[in-house]
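Report on the structure given below.
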Amino acid sequence: MILSLISQTLIIVLFLTFSFGPAFFALINTSIKHGYRTGSLLATGIILSDFFLCILIIFLVHFGATNLIQDEKNQRFMGIMAGILLVVFGALYFRKPVAKTDDTIEIKEPSALTTLIKGFFLNILNPAVWIIWLGNVTAVSKSLTYSVLKMIIFFGITLGLVLLVEFAKIKGALKLKQLLTDKAMHTINYITGGLLMAFGLILIYNHYF
């Protein structure tokens, strides 16, 4: 059982680390733009949403109410809401930095709470994340004899490892920043914003039609 849990942990960590969804691009962009602290806060918000969602699904599985996640109407509502949110977040990346009177450029750093909330909702409103965690919890629950406490501890440790990997990812992005010019930074902003808006429009289209 121990080997099975270790392998499942590695699979989850690797899968979440290399999931190139909206949260990934937002994290890399935020880290490059605002530095380690803000990037870490965004990553923490993302992982907190994963942990919240994980606990919620654990209890839904425990009480046999997973049909709430699989319900087509609920998925449609969540998909459209997530799409709208991603389009809004994406549009924000097209804002121009505020120019100071001495002609230097000021990039205003968002507050800690704003960054945490952004990471939380950027992740949790993605319907794909719900399906992923339903699969993760279902796969692990049998190995842990369907114990709610054991599953919470297991996923808490697993997500702690994911957070450490996210911090390493942020450090990598900061090293990349040293090679980037202001023009390249603006280009990365536009690419990130365009990708987030594209993700959002695809979600809206798929779930509305």
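By convention in this document, the chains of the structure tokens carry letters A, B, ... by their order, each chain's residues are numbered from 1, and ligands are numbered from 1 in the order they are shown.
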Give me, as a list in words, all polymer residues having an atom no more than 12 Å from A:Ile80, counting only C-alpha atoms and skipping those fewer than 3 positions away in the same chain.
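Everything that qualifies: Lys73, Asn74, Gln75, Arg76, Phe77, Gly83, Ile84, Leu85, Leu86, Val87, Leu125, Asn126, Pro127, Phe199, Gly200, Leu201, Ile202, Leu203, Ile204, Tyr205, Asn206, His207, Tyr208 and Phe209 of chain A.
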Write out as a ChimeraX atom specification all residues of chain A that DSSP puts in strand (DSSP E) for this structure's backbone.
/A:98-99,105-106
Quick check, in Å to one decimal: how far apart do atom CA of A:Ile157 and atom CA of A:Phe52 lie?
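Those two atoms sit 13.7 Å apart.
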Counting only C-alpha atoms, the residue of A:Ser31, A:Phe155, A:Asn123, A:Ser7 that sits nearest A:Ser141:
A:Phe155
If you count only C-alpha atoms, which residues fall within 8 Å of stretch 34-37 of chain A, apart from same-chain ones fewer than 2 positions away, as a list in words?
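Neighbouring residues, sequence-local ones excluded: Thr30, Ser31, Ile32, Gly39, Ser40, Leu41, Ile107, Glu109, Ile170, Lys171 and Leu174 of chain A.
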Hey, what's within 8 Å of stretch 12-25 of chain A if we count only C-alpha atoms and toss same-chain stuff fewer than 3 positions away? As a short mmCIF file (atom, residue, chain, number, x, y, z; two decimals) with C-alpha atoms, in the first residue's frame, please?
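So part.cif came out as:
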data_model
loop_
_atom_site.label_atom_id
_atom_site.label_comp_id
_atom_site.auth_asym_id
_atom_site.auth_seq_id
_atom_site.Cartn_x
_atom_site.Cartn_y
_atom_site.Cartn_z
CA GLN A 8 0.05 8.10 -6.65
CA THR A 9 1.66 11.08 -4.90
CA ILE A 28 4.81 32.52 -14.57
CA ASN A 29 3.74 35.98 -15.73
CA ILE A 46 -3.92 28.19 -6.23
CA LEU A 86 -10.63 34.17 -17.44
CA GLY A 119 -5.03 32.51 -7.45
CA LEU A 122 -8.49 31.41 -11.11
CA ASN A 123 -8.06 27.75 -10.20
CA ASN A 136 -7.58 11.90 -7.77
CA THR A 158 0.83 15.94 -1.54
CA LEU A 159 -0.25 19.53 -2.10
CA LEU A 161 4.98 19.03 -2.15
CA VAL A 162 3.24 20.65 -5.13
CA VAL A 165 7.63 22.67 -6.70
CA GLU A 166 5.64 25.83 -7.54
CA THR A 192 -0.46 35.63 -21.27
CA LEU A 195 -4.01 32.82 -23.73
CA LEU A 196 -6.23 33.47 -20.69
CA PHE A 199 -9.08 29.67 -22.52
#
Long-range neighbours of A:Leu116 as an MDAnalysis selection string, 7 Å cut-off, only C-alpha atoms, 5 positions minimum in chain
chainID A and resid 41:42 44:45
Emit the selected residues as an mmCIF file, in the first residue's frame, including N, CA and C atoms.
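Output file again28.cif is given in full below:
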data_model
loop_
_atom_site.group_PDB
_atom_site.id
_atom_site.type_symbol
_atom_site.label_atom_id
_atom_site.label_comp_id
_atom_site.auth_asym_id
_atom_site.auth_seq_id
_atom_site.Cartn_x
_atom_site.Cartn_y
_atom_site.Cartn_z
ATOM 1 N N LEU A 41 2.564 34.144 -3.442
ATOM 2 C CA LEU A 41 1.201 34.348 -2.937
ATOM 3 C C LEU A 41 0.171 33.800 -3.918
ATOM 4 N N LEU A 42 0.406 34.031 -5.219
ATOM 5 C CA LEU A 42 -0.513 33.500 -6.224
ATOM 6 C C LEU A 42 -0.501 31.974 -6.200
ATOM 7 N N THR A 44 0.257 30.090 -3.666
ATOM 8 C CA THR A 44 -0.397 29.674 -2.427
ATOM 9 C C THR A 44 -1.917 29.702 -2.585
ATOM 10 N N GLY A 45 -2.418 30.746 -3.248
ATOM 11 C CA GLY A 45 -3.861 30.828 -3.491
ATOM 12 C C GLY A 45 -4.352 29.677 -4.356
#
Considering only C-alpha atoms, return as a PDB file with C-alpha atoms, in the first residue's frame whatever protein or nucleic-acid residues lie within 8 Å of A:Ile58, sequence-local ones (same chain, fewer than 2 positions apart) excluded.
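This went into out10.pdb:
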ATOM      1  CA  CYS A  54     -10.006  18.279  -2.505  1.00  0.00           C
ATOM      2  CA  ILE A  55     -11.644  18.316   0.962  1.00  0.00           C
ATOM      3  CA  LEU A  56     -15.018  19.170  -0.568  1.00  0.00           C
ATOM      4  CA  LEU A  60     -18.934  14.383  -1.487  1.00  0.00           C
ATOM      5  CA  VAL A  61     -17.412  10.954  -2.176  1.00  0.00           C
ATOM      6  CA  HIS A  62     -17.881   9.970   1.468  1.00  0.00           C
ATOM      7  CA  VAL A 137      -9.808  11.355  -4.737  1.00  0.00           C
ATOM      8  CA  VAL A 148     -11.776  10.953   5.434  1.00  0.00           C
ATOM      9  CA  MET A 151      -7.319  11.253   2.715  1.00  0.00           C
ATOM     10  CA  ILE A 152      -7.132  14.814   4.064  1.00  0.00           C
TER      11      ILE A 152
END
Find the distance between atom CA of A:Trp130 and atom CA of A:Leu92 and write it in Å to one decimal.
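That distance, rounded to one decimal, is 25.3 Å.
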